[in-house]
$ cat input-v9.pdb   # PDB, C-alpha atoms and all ligand atoms
MODEL        1
ATOM      1  CA  MET L  25     112.547  94.983  92.970
ATOM      2  CA  PRO L  26     111.187  91.667  91.741
ATOM      3  CA  GLY L  27     109.269  90.981  94.976
ATOM      4  CA  ASN L  28     107.427  94.224  94.538
ATOM      5  CA  ASP L  29     106.616  93.521  90.920
ATOM      6  CA  ASP L  30     105.221  90.113  91.848
ATOM      7  CA  ALA L  31     103.034  91.669  94.514
ATOM      8  CA  GLN L  32     101.880  94.273  92.040
ATOM      9  CA  ALA L  33     101.060  91.663  89.399
ATOM     10  CA  GLN L  34      99.208  89.700  92.050
ATOM     11  CA  ARG L  35      97.158  92.724  93.079
ATOM     12  CA  ARG L  36      96.390  93.466  89.476
ATOM     13  CA  ALA L  37      95.123  89.932  88.869
ATOM     14  CA  GLU L  38      92.989  90.090  92.009
ATOM     15  CA  ASP L  39      91.510  93.414  90.905
ATOM     16  CA  ALA L  40      90.647  91.948  87.522
ATOM     17  CA  ALA L  41      88.955  88.974  89.223
ATOM     18  CA  LEU L  42      86.873  91.377  91.331
ATOM     19  CA  LEU L  43      85.782  93.195  88.181
ATOM     20  CA  THR L  44      84.713  89.899  86.634
ATOM     21  CA  ARG L  45      82.594  89.174  89.700
ATOM     22  CA  ILE L  46      81.086  92.659  89.543
ATOM     23  CA  VAL L  47      80.107  92.055  85.936
ATOM     24  CA  ALA L  48      78.388  88.919  87.237
ATOM     25  CA  ARG L  49      76.456  91.173  89.675
ATOM     26  CA  ASP L  50      78.269  90.091  92.830
ATOM     27  CA  GLU L  51      77.695  92.912  95.337
ATOM     28  CA  ALA L  52      80.303  91.553  97.731
ATOM     29  CA  ALA L  53      82.952  92.122  95.064
ATOM     30  CA  VAL L  54      82.117  95.839  95.057
ATOM     31  CA  GLU L  55      82.755  95.924  98.787
ATOM     32  CA  GLU L  56      86.087  94.169  98.352
ATOM     33  CA  LEU L  57      87.100  96.613  95.663
ATOM     34  CA  TYR L  58      85.967  99.421  97.960
ATOM     35  CA  ALA L  59      88.134  98.101 100.773
ATOM     36  CA  ARG L  60      91.110  98.223  98.434
ATOM     37  CA  TYR L  61      90.601 101.570  96.793
ATOM     38  CA  ALA L  62      88.225 103.795  98.760
ATOM     39  CA  GLY L  63      91.076 105.346 100.756
ATOM     40  CA  PRO L  64      93.320 106.365  97.856
ATOM     41  CA  LEU L  65      90.342 107.427  95.720
ATOM     42  CA  TYR L  66      88.962 109.542  98.548
ATOM     43  CA  SER L  67      92.398 111.065  99.125
ATOM     44  CA  LEU L  68      92.664 112.007  95.470
ATOM     45  CA  ALA L  69      89.133 113.423  95.393
ATOM     46  CA  TYR L  70      89.796 115.465  98.520
ATOM     47  CA  GLN L  71      93.031 116.827  97.124
ATOM     48  CA  VAL L  72      91.222 117.909  93.946
ATOM     49  CA  THR L  73      87.969 119.245  95.421
ATOM     50  CA  GLY L  74      89.270 120.428  98.780
ATOM     51  CA  ALA L  75      86.021 119.484 100.525
ATOM     52  CA  GLU L  76      84.965 116.349 102.387
ATOM     53  CA  ARG L  77      81.419 116.230 101.149
ATOM     54  CA  PHE L  78      82.508 116.549  97.531
ATOM     55  CA  ALA L  79      85.165 113.888  98.008
ATOM     56  CA  GLN L  80      82.475 111.631  99.477
ATOM     57  CA  ASP L  81      80.217 112.239  96.487
ATOM     58  CA  VAL L  82      83.072 111.474  94.113
ATOM     59  CA  VAL L  83      83.880 108.150  95.777
ATOM     60  CA  GLN L  84      80.236 107.117  95.917
ATOM     61  CA  GLU L  85      79.648 108.040  92.276
ATOM     62  CA  THR L  86      82.813 106.233  91.243
ATOM     63  CA  PHE L  87      81.794 102.912  92.768
ATOM     64  CA  VAL L  88      78.229 103.212  91.542
ATOM     65  CA  ALA L  89      79.660 103.844  88.068
ATOM     66  CA  VAL L  90      81.852 100.763  88.424
ATOM     67  CA  TRP L  91      78.798  98.697  89.299
ATOM     68  CA  ARG L  92      76.832 100.139  86.389
ATOM     69  CA  ASP L  93      79.600 100.143  83.767
ATOM     70  CA  ALA L  94      81.814  97.222  84.753
ATOM     71  CA  VAL L  95      81.091  95.511  81.430
ATOM     72  CA  ARG L  96      82.620  98.494  79.668
ATOM     73  CA  PHE L  97      85.964  98.016  81.402
ATOM     74  CA  ASP L  98      88.448  96.774  78.821
ATOM     75  CA  PRO L  99      91.311  94.808  80.407
ATOM     76  CA  GLU L 100      93.214  95.024  77.115
ATOM     77  CA  ARG L 101      93.586  98.735  77.669
ATOM     78  CA  GLY L 102      94.867  98.639  81.202
ATOM     79  CA  ALA L 103      94.553  97.611  84.813
ATOM     80  CA  VAL L 104      91.616  98.247  87.119
ATOM     81  CA  GLY L 105      93.482 100.670  89.405
ATOM     82  CA  PRO L 106      94.273 103.296  86.760
ATOM     83  CA  TRP L 107      90.692 103.020  85.492
ATOM     84  CA  LEU L 108      89.316 103.772  88.965
ATOM     85  CA  PHE L 109      91.649 106.719  89.496
ATOM     86  CA  SER L 110      90.762 108.089  86.098
ATOM     87  CA  LEU L 111      87.013 107.786  86.816
ATOM     88  CA  ALA L 112      87.371 109.483  90.194
ATOM     89  CA  ARG L 113      89.624 112.246  88.948
ATOM     90  CA  HIS L 114      87.270 113.094  86.106
ATOM     91  CA  LYS L 115      84.306 113.199  88.473
ATOM     92  CA  ALA L 116      86.239 115.398  90.893
ATOM     93  CA  ILE L 117      87.301 117.781  88.138
ATOM     94  CA  ASP L 118      83.768 117.948  86.746
ATOM     95  CA  LEU L 119      82.596 118.881  90.221
ATOM     96  CA  VAL L 120      85.249 121.554  90.678
ATOM     97  CA  ARG L 121      84.556 123.034  87.264
ATOM     98  CA  ARG L 122      80.788 122.952  87.784
ATOM     99  CA  GLU L 123      80.751 124.324  91.297
ATOM    100  CA  GLN L 124      82.690 127.528  91.108
ATOM    101  CA  ASN L 125      82.145 127.986  94.816
ATOM    102  CA  VAL L 126      83.820 124.725  95.758
ATOM    103  CA  ARG L 127      87.036 126.621  95.589
ATOM    104  CA  LYS L 128      87.727 129.963  94.048
ATOM    105  CA  ARG L 129      89.691 129.251  90.910
ATOM    106  CA  THR L 130      91.985 132.125  91.795
ATOM    107  CA  ALA L 131      92.640 130.842  95.296
ATOM    108  CA  ASP L 132      95.645 128.764  96.099
ATOM    109  CA  VAL L 133      95.260 125.134  95.253
ATOM    110  CA  ASP L 134      96.363 123.032  98.205
ATOM    111  CA  LEU L 135      99.311 121.128  96.888
ATOM    112  CA  GLU L 136     100.972 120.389 100.178
ATOM    113  CA  PHE L 137     101.231 116.652 100.644
ATOM    114  CA  GLU L 138     100.764 115.503 104.201
ATOM    115  CA  GLN L 139     102.182 112.405 105.815
ATOM    116  CA  ALA L 140      99.784 109.649 106.794
ATOM    117  CA  ASP L 141      98.809 108.725 110.302
ATOM    118  CA  ASP L 142      99.487 105.051 110.848
ATOM    119  CA  ASP L 143      95.810 104.268 111.293
ATOM    120  CA  VAL L 144      94.946 105.800 107.940
ATOM    121  CA  ASP L 145      97.723 104.034 106.127
ATOM    122  CA  GLN L 146      96.849 100.464 106.831
ATOM    123  CA  GLU L 147      98.023  99.156 103.486
ATOM    124  CA  ALA L 148     101.742  98.715 102.952
ATOM    125  CA  TRP L 149     101.559  98.798  99.142
ATOM    126  CA  LEU L 150      99.932 102.180  99.322
ATOM    127  CA  ARG L 151     102.590 103.666 101.572
ATOM    128  CA  ILE L 152     105.413 102.267  99.453
ATOM    129  CA  ARG L 153     103.991 103.574  96.221
ATOM    130  CA  ARG L 154     103.062 106.930  97.702
ATOM    131  CA  GLU L 155     106.628 107.421  98.901
ATOM    132  CA  ARG L 156     107.933 106.329  95.522
ATOM    133  CA  VAL L 157     105.800 108.747  93.525
ATOM    134  CA  ARG L 158     106.487 111.597  95.937
ATOM    135  CA  ALA L 159     110.208 110.972  95.492
ATOM    136  CA  ALA L 160     109.673 110.991  91.721
ATOM    137  CA  ILE L 161     107.859 114.336  91.979
ATOM    138  CA  GLU L 162     110.918 115.699  93.766
ATOM    139  CA  GLU L 163     112.887 114.929  90.604
ATOM    140  CA  LEU L 164     110.875 117.485  88.638
ATOM    141  CA  THR L 165     112.024 121.059  88.265
ATOM    142  CA  PRO L 166     109.981 123.476  90.415
ATOM    143  CA  LEU L 167     108.371 124.905  87.268
ATOM    144  CA  GLN L 168     107.386 121.458  85.959
ATOM    145  CA  ARG L 169     106.036 120.453  89.334
ATOM    146  CA  GLU L 170     103.983 123.612  89.745
ATOM    147  CA  ALA L 171     102.363 123.283  86.314
ATOM    148  CA  LEU L 172     101.653 119.569  86.654
ATOM    149  CA  GLU L 173     100.178 119.879  90.134
ATOM    150  CA  LEU L 174      97.866 122.678  89.066
ATOM    151  CA  ALA L 175      96.705 120.589  86.119
ATOM    152  CA  PHE L 176      96.442 117.272  87.924
ATOM    153  CA  PHE L 177      95.390 118.056  91.493
ATOM    154  CA  GLY L 178      94.029 121.518  90.820
ATOM    155  CA  GLY L 179      91.911 120.285  87.936
ATOM    156  CA  LEU L 180      92.872 123.345  85.938
ATOM    157  CA  THR L 181      92.817 123.206  82.158
ATOM    158  CA  HIS L 182      96.039 123.955  80.329
ATOM    159  CA  VAL L 183      94.623 127.369  79.475
ATOM    160  CA  GLU L 184      93.898 128.048  83.144
ATOM    161  CA  VAL L 185      97.358 126.875  84.163
ATOM    162  CA  ALA L 186      98.863 129.338  81.681
ATOM    163  CA  GLU L 187      96.669 132.164  83.006
ATOM    164  CA  ARG L 188      97.403 131.344  86.605
ATOM    165  CA  LEU L 189     101.147 131.285  86.047
ATOM    166  CA  GLY L 190     101.165 134.194  83.606
ATOM    167  CA  ILE L 191     102.916 132.163  80.913
ATOM    168  CA  PRO L 192     102.049 131.418  77.275
ATOM    169  CA  LEU L 193      99.786 128.408  76.667
ATOM    170  CA  GLY L 194     102.531 126.638  74.731
ATOM    171  CA  THR L 195     104.892 126.983  77.668
ATOM    172  CA  ALA L 196     102.297 125.570  80.052
ATOM    173  CA  LYS L 197     101.719 122.593  77.765
ATOM    174  CA  THR L 198     105.448 121.990  77.455
ATOM    175  CA  ARG L 199     105.961 122.058  81.218
ATOM    176  CA  ILE L 200     103.075 119.677  81.867
ATOM    177  CA  ARG L 201     104.120 117.293  79.114
ATOM    178  CA  SER L 202     107.769 117.267  80.131
ATOM    179  CA  ALA L 203     106.758 116.704  83.767
ATOM    180  CA  LEU L 204     104.666 113.665  82.800
ATOM    181  CA  LEU L 205     107.431 112.221  80.634
ATOM    182  CA  ARG L 206     109.993 112.791  83.372
ATOM    183  CA  LEU L 207     107.785 110.989  85.888
ATOM    184  CA  ARG L 208     107.378 108.140  83.432
ATOM    185  CA  ASP L 209     111.138 107.850  83.115
ATOM    186  CA  VAL L 210     111.765 108.066  86.854
ATOM    187  CA  LEU L 211     108.983 105.641  87.809
ATOM    188  CA  GLY L 212     109.993 103.321  84.987
ATOM    189  CA  ASP L 213     109.413  99.682  85.779
ATOM    190  CA  SER L 214     107.124 100.404  88.676
ATOM    191  CA  LEU L 215     104.505 101.407  86.120
ATOM    192  CA  SER L 216     103.909  97.732  85.416
ATOM    193  CA  ASP L 217     100.689  98.067  87.400
ATOM    194  CA  ALA L 218      99.669 100.556  84.776
ATOM    195  CA  PRO L 219      97.771  99.883  81.579
ATOM    196  CA  GLY L 220      99.104  97.357  79.144
ATOM    197  CA  GLY L 221     101.405  99.521  77.093
ATOM    198  CA  ALA L 222     104.613  97.666  76.446
ATOM    199  CA  VAL L 223     103.318  94.582  78.228
ATOM    200  CA  LEU L 224     100.129  94.051  76.313
ATOM    201  CA  GLU L 225     100.736  95.743  73.017
ATOM    202  CA  PRO L 226     104.084  94.632  71.612
ATOM    203  CA  GLY L 227     102.330  92.726  68.852
ATOM    204  CA  ALA L 228      99.751  95.407  68.175
ATOM    205  CA  SER L 229     101.682  96.758  65.193
ATOM    206  CA  ALA L 230     101.618  93.414  63.421
TER     207      ALA L 230
ATOM    208  CA  MET K  25     110.634 104.635  71.174
ATOM    209  CA  THR K  26     108.520 107.761  71.211
ATOM    210  CA  ARG K  27     111.135 109.700  69.215
ATOM    211  CA  GLY K  28     109.694 111.317  66.144
ATOM    212  CA  HIS K  29     106.330 111.708  67.883
ATOM    213  CA  ARG K  30     106.685 115.120  69.382
ATOM    214  CA  HIS K  31     103.123 115.931  68.492
ATOM    215  CA  GLY K  32     102.074 112.640  69.995
ATOM    216  CA  GLY K  33     103.737 113.659  73.254
ATOM    217  CA  ASP K  34     101.762 116.878  73.455
ATOM    218  CA  LEU K  35      98.488 115.284  72.436
ATOM    219  CA  ALA K  36      99.073 112.255  74.624
ATOM    220  CA  ALA K  37      99.652 114.446  77.668
ATOM    221  CA  GLY K  38      96.514 116.423  76.879
ATOM    222  CA  ALA K  39      94.554 113.231  76.348
ATOM    223  CA  ALA K  40      95.741 111.721  79.615
ATOM    224  CA  LEU K  41      94.665 114.857  81.465
ATOM    225  CA  ALA K  42      91.364 115.040  79.524
ATOM    226  CA  ASP K  43      92.279 118.465  78.230
ATOM    227  CA  LEU K  44      92.079 118.352  74.433
ATOM    228  CA  THR K  45      89.989 120.585  72.204
ATOM    229  CA  PRO K  46      87.547 118.708  69.930
ATOM    230  CA  ARG K  47      89.901 119.232  67.004
ATOM    231  CA  GLU K  48      92.876 117.931  68.981
ATOM    232  CA  LEU K  49      90.790 114.998  70.112
ATOM    233  CA  THR K  50      90.084 114.055  66.494
ATOM    234  CA  ARG K  51      93.752 114.377  65.628
ATOM    235  CA  TRP K  52      94.747 112.299  68.623
ATOM    236  CA  ALA K  53      92.178 109.586  67.838
ATOM    237  CA  ARG K  54      93.599 109.272  64.316
ATOM    238  CA  ARG K  55      97.166 109.225  65.540
ATOM    239  CA  ARG K  56      96.686 106.651  68.256
ATOM    240  CA  ALA K  57      94.713 104.413  65.924
ATOM    241  CA  ALA K  58      97.603 104.422  63.462
ATOM    242  CA  CYS K  59     100.606 104.372  65.748
ATOM    243  CA  PRO K  60     101.519 101.680  68.320
ATOM    244  CA  ALA K  61     104.107 103.959  69.919
ATOM    245  CA  CYS K  62     101.441 106.578  70.589
ATOM    246  CA  ARG K  63      99.147 103.947  72.077
ATOM    247  CA  ALA K  64     101.959 102.734  74.300
ATOM    248  CA  LEU K  65     102.688 106.306  75.360
ATOM    249  CA  GLU K  66      99.035 106.878  76.222
ATOM    250  CA  ALA K  67      99.016 103.749  78.365
ATOM    251  CA  GLU K  68     102.217 104.805  80.097
ATOM    252  CA  LEU K  69     100.868 108.254  80.861
ATOM    253  CA  ASP K  70      97.636 106.775  82.224
ATOM    254  CA  GLY K  71      99.854 104.736  84.519
ATOM    255  CA  VAL K  72     101.830 107.822  85.534
ATOM    256  CA  LEU K  73      98.610 109.627  86.442
ATOM    257  CA  ALA K  74      97.374 106.652  88.461
ATOM    258  CA  GLU K  75     100.633 106.689  90.432
ATOM    259  CA  LEU K  76     100.447 110.463  90.780
ATOM    260  CA  ALA K  77      97.034 110.075  92.392
ATOM    261  CA  LEU K  78      98.720 108.129  95.191
ATOM    262  CA  ALA K  79     100.745 111.211  96.143
ATOM    263  CA  ALA K  80      97.609 112.842  97.570
ATOM    264  CA  SER K  81      97.525 113.351 101.322
ATOM    265  CA  PRO K  82      96.067 110.115 102.703
ATOM    266  CA  ARG K  83      92.545 110.200 104.130
ATOM    267  CA  LEU K  84      89.754 107.737 104.746
ATOM    268  CA  PRO K  85      86.117 108.266 103.766
ATOM    269  CA  PRO K  86      83.467 107.999 106.505
ATOM    270  CA  PRO K  87      81.443 104.738 106.641
ATOM    271  CA  SER K  88      78.405 106.572 105.277
ATOM    272  CA  VAL K  89      80.002 106.492 101.812
ATOM    273  CA  LEU K  90      79.901 102.699 101.651
ATOM    274  CA  ASP K  91      76.332 102.763 102.965
ATOM    275  CA  GLY K  92      75.411 105.131 100.165
ATOM    276  CA  ILE K  93      76.997 102.873  97.558
ATOM    277  CA  ARG K  94      75.134  99.827  98.921
ATOM    278  CA  ALA K  95      71.854 101.715  98.821
ATOM    279  CA  GLU K  96      72.354 102.889  95.248
ATOM    280  CA  ILE K  97      73.375  99.464  94.028
ATOM    281  CA  ARG K  98      70.313  97.864  95.605
ATOM    282  CA  ALA K  99      68.114 100.545  94.098
ATOM    283  CA  GLN K 100      69.570  99.784  90.667
ATOM    284  CA  ALA K 101      69.108  96.064  91.168
ATOM    285  CA  GLU K 102      65.404  96.570  91.902
ATOM    286  CA  PRO K 103      64.372  99.621  89.900
ATOM    287  CA  SER K 104      60.678  98.828  90.288
ATOM    288  CA  ARG K 105      60.870  99.575  94.010
ATOM    289  CA  SER K 106      62.261 103.068  93.687
TER     290      SER K 106
HETATM  291 ZN    ZN L 301     103.003 107.974  67.354
ENDMDL
END
$ encode --input "input-v9.pdb" --output "structure tokens" --more "lines below"
Ligand SMILES: [Zn+2]
Amino acid sequence: MPGNDDAQAQRRAEDAALLTRIVARDEAAVEELYARYAGPLYSLAYQVTGAERFAQDVVQETFVAVWRDAVRFDPERGAVGPWLFSLARHKAIDLVRREQNVRKRTADVDLEFEQADDDVDQEAWLRIRRERVRAAIEELTPLQREALELAFFGGLTHVEVAERLGIPLGTAKTRIRSALLRLRDVLGDSLSDAPGGAVLEPGASA
Amino acid sequence: MTRGHRHGGDLAAGAALADLTPRELTRWARRRAACPACRALEAELDGVLAELALAASPRLPPPSVLDGIRAEIRAQAEPSRS
């Protein structure tokens, strides 16, 4: 869908402009970036940590880190969105791994995806892309999906995924890898919002 | 395009999920430095994970989170006051 790609490219350029302003110490730009991403980052952090106060800490730490480390963001390596999600996910996983009592590692990880209330889902791009990635997840085999969700949303290491599922480590790695590659293939062009890859690096081998 | 990089696939997935041993990390750093296809794969998988994050059940943080961010940013801007 070309219209979608244009909108995505537009968003990406706007995000990059906000980062430039943040580097220039413009506090208002942080608030604009927050308005764009706080919801999805909080949702991710909640899914990983399973607790509101931890999700709040993750989002706060993520934006403070953006303010502190904006100069370290390298646009050559990717877009702002994936960088933010990566920051937040790592903070959430650190929290889960540090605080054993956040959620018993043996307990069920909540991998049920809920639908959004309209008032939560104010942004159309978010709803469209959420539906798209959820549909892509449906394309995975149940075994791939289970392993990937434990690793991604559960914050489990590959070793822990293998233990949890009672499978060899190699099998766990294979399932997770094949799930990621399958998602890449299914999502295909819609990953243009993602880091440079084919877009930015075709000449990198020269 | 990633054919012939089976190792790269495994390492790239581990790298994207921040789940490599130190030895694997060294191996992956060497591989990605030398191989454009591995770099492209890493970027693609980062993108996949960013999309995957959007699958989470949608929620909104309370306003206190933004207040906390403002406070911390101000504190960093004027460290002498804290
Ligand atoms: Zn390679």
$ atom_distance --input "input-v9.pdb" --atom1 "atom CA of K:Ala40" --atom2 "atom CA of L:Ala103"
15.1 Å
$ closest_residue --input "input-v9.pdb" --among "L:Pro64, L:Ala112, L:Ala160, L:Asp98" --to "chain K" --atoms "all atoms listed in the file"
L:Pro64
$ residues_around --input "input-v9.pdb" --residues "stretch 31-47 of chain L" --least-positions-apart "3" --cutoff "10 Å" --atoms "all atoms listed in the file" --output "PyMOL selection string"
chain L and resi 26-28+50-57+60+90-97+99+102-105+149+214-218
$ residues_around --input "input-v9.pdb" --residues "K:Ala39" --least-positions-apart "2" --cutoff "9 Å" --atoms "only C-alpha atoms" --output "ChimeraX atom specification"
/K:34-37,41-44,48-49,52,66
$ resolve_selection --input "input-v9.pdb" --expression "the PyMOL selection byres ((chain K) within 7 of (chain L and not hetatm))" --output "ChimeraX atom specification"
/K:33-34,37,43,60,64,67-72,74-85,89,92-93,96-97
$ atom_distance --input "input-v9.pdb" --atom1 "atom CA of L:Thr165" --atom2 "atom CA of L:Gly74"
25.1 Å
$ atom_distance --input "input-v9.pdb" --atom1 "atom CA of L:Ala48" --atom2 "atom CA of K:Ala101"
12.4 Å
$ closest_residue --input "input-v9.pdb" --among "K:Gln100, K:Ala58, K:Thr45, K:Arg51" --to "ligand ZN 301 (chain L)" --atoms "all atoms listed in the file"
K:Ala58
$ decode --input "input-v9.pdb" --residues "stretch 95-105 of chain L" --atoms "all heavy atoms" --output "CSV table (one decimal), in the first residue's frame"
chain,number,residue,atom,x,y,z
L,95,VAL,N,22.4,12.0,21.4
L,95,VAL,CA,23.5,12.2,20.5
L,95,VAL,C,24.1,10.8,20.0
L,95,VAL,O,24.7,10.7,19.0
L,95,VAL,CB,24.7,12.9,21.1
L,95,VAL,CG1,24.4,14.4,21.2
L,95,VAL,CG2,25.1,12.4,22.5
L,96,ARG,N,23.8,9.8,20.9
L,96,ARG,CA,24.4,8.5,20.5
L,96,ARG,C,23.5,7.7,19.5
L,96,ARG,O,23.9,6.7,19.0
L,96,ARG,CB,24.5,7.6,21.7
L,96,ARG,CG,25.7,7.9,22.6
L,96,ARG,CD,26.1,6.7,23.4
L,96,ARG,NE,25.9,7.0,24.8
L,96,ARG,CZ,25.7,6.1,25.8
L,96,ARG,NH1,25.7,4.8,25.4
L,96,ARG,NH2,25.6,6.4,27.0
L,97,PHE,N,22.3,8.3,19.2
L,97,PHE,CA,21.4,7.6,18.2
L,97,PHE,C,22.0,7.8,16.9
L,97,PHE,O,22.4,8.9,16.5
L,97,PHE,CB,20.0,8.3,18.3
L,97,PHE,CG,19.2,7.8,17.1
L,97,PHE,CD1,18.7,6.5,17.1
L,97,PHE,CD2,18.9,8.6,16.1
L,97,PHE,CE1,17.9,6.1,16.1
L,97,PHE,CE2,18.1,8.2,15.0
L,97,PHE,CZ,17.6,6.9,15.0
L,98,ASP,N,22.2,6.7,16.1
L,98,ASP,CA,22.8,6.7,14.8
L,98,ASP,C,21.7,6.4,13.7
L,98,ASP,O,21.3,5.3,13.5
L,98,ASP,CB,23.9,5.6,14.8
L,98,ASP,CG,24.6,5.5,13.4
L,98,ASP,OD1,24.3,6.4,12.6
L,98,ASP,OD2,25.4,4.6,13.3
L,99,PRO,N,21.3,7.5,13.1
L,99,PRO,CA,20.3,7.3,12.0
L,99,PRO,C,20.7,6.4,10.9
L,99,PRO,O,19.8,5.8,10.2
L,99,PRO,CB,20.0,8.7,11.5
L,99,PRO,CG,21.2,9.5,12.0
L,99,PRO,CD,21.8,8.9,13.2
L,100,GLU,N,22.0,6.2,10.7
L,100,GLU,CA,22.4,5.3,9.7
L,100,GLU,C,22.0,3.8,10.0
L,100,GLU,O,21.9,3.0,9.1
L,100,GLU,CB,24.0,5.3,9.5
L,100,GLU,CG,24.5,6.7,9.0
L,100,GLU,CD,24.1,6.9,7.6
L,100,GLU,OE1,24.3,6.0,6.8
L,100,GLU,OE2,23.6,8.0,7.3
L,101,ARG,N,21.9,3.6,11.3
L,101,ARG,CA,21.6,2.2,11.7
L,101,ARG,C,20.1,1.9,11.8
L,101,ARG,O,19.7,0.8,12.0
L,101,ARG,CB,22.3,1.9,13.0
L,101,ARG,CG,23.8,1.6,12.8
L,101,ARG,CD,24.3,0.8,14.0
L,101,ARG,NE,23.7,-0.5,14.2
L,101,ARG,CZ,24.0,-1.3,15.1
L,101,ARG,NH1,25.0,-1.0,16.0
L,101,ARG,NH2,23.4,-2.4,15.3
L,102,GLY,N,19.3,2.9,11.7
L,102,GLY,CA,17.9,2.6,11.8
L,102,GLY,C,17.0,3.8,12.2
L,102,GLY,O,17.5,4.9,12.3
L,103,ALA,N,15.7,3.6,12.2
L,103,ALA,CA,14.8,4.6,12.6
L,103,ALA,C,14.7,4.8,14.1
L,103,ALA,O,15.1,4.0,14.9
L,103,ALA,CB,13.4,4.3,12.0
L,104,VAL,N,14.0,5.9,14.5
L,104,VAL,CA,13.9,6.2,15.9
L,104,VAL,C,13.0,5.2,16.6
L,104,VAL,O,13.3,4.7,17.7
L,104,VAL,CB,13.3,7.6,16.1
L,104,VAL,CG1,13.0,7.9,17.5
L,104,VAL,CG2,14.3,8.6,15.5
L,105,GLY,N,11.9,4.8,15.9
L,105,GLY,CA,10.9,3.9,16.6
L,105,GLY,C,11.5,2.6,17.1
L,105,GLY,O,11.4,2.3,18.3
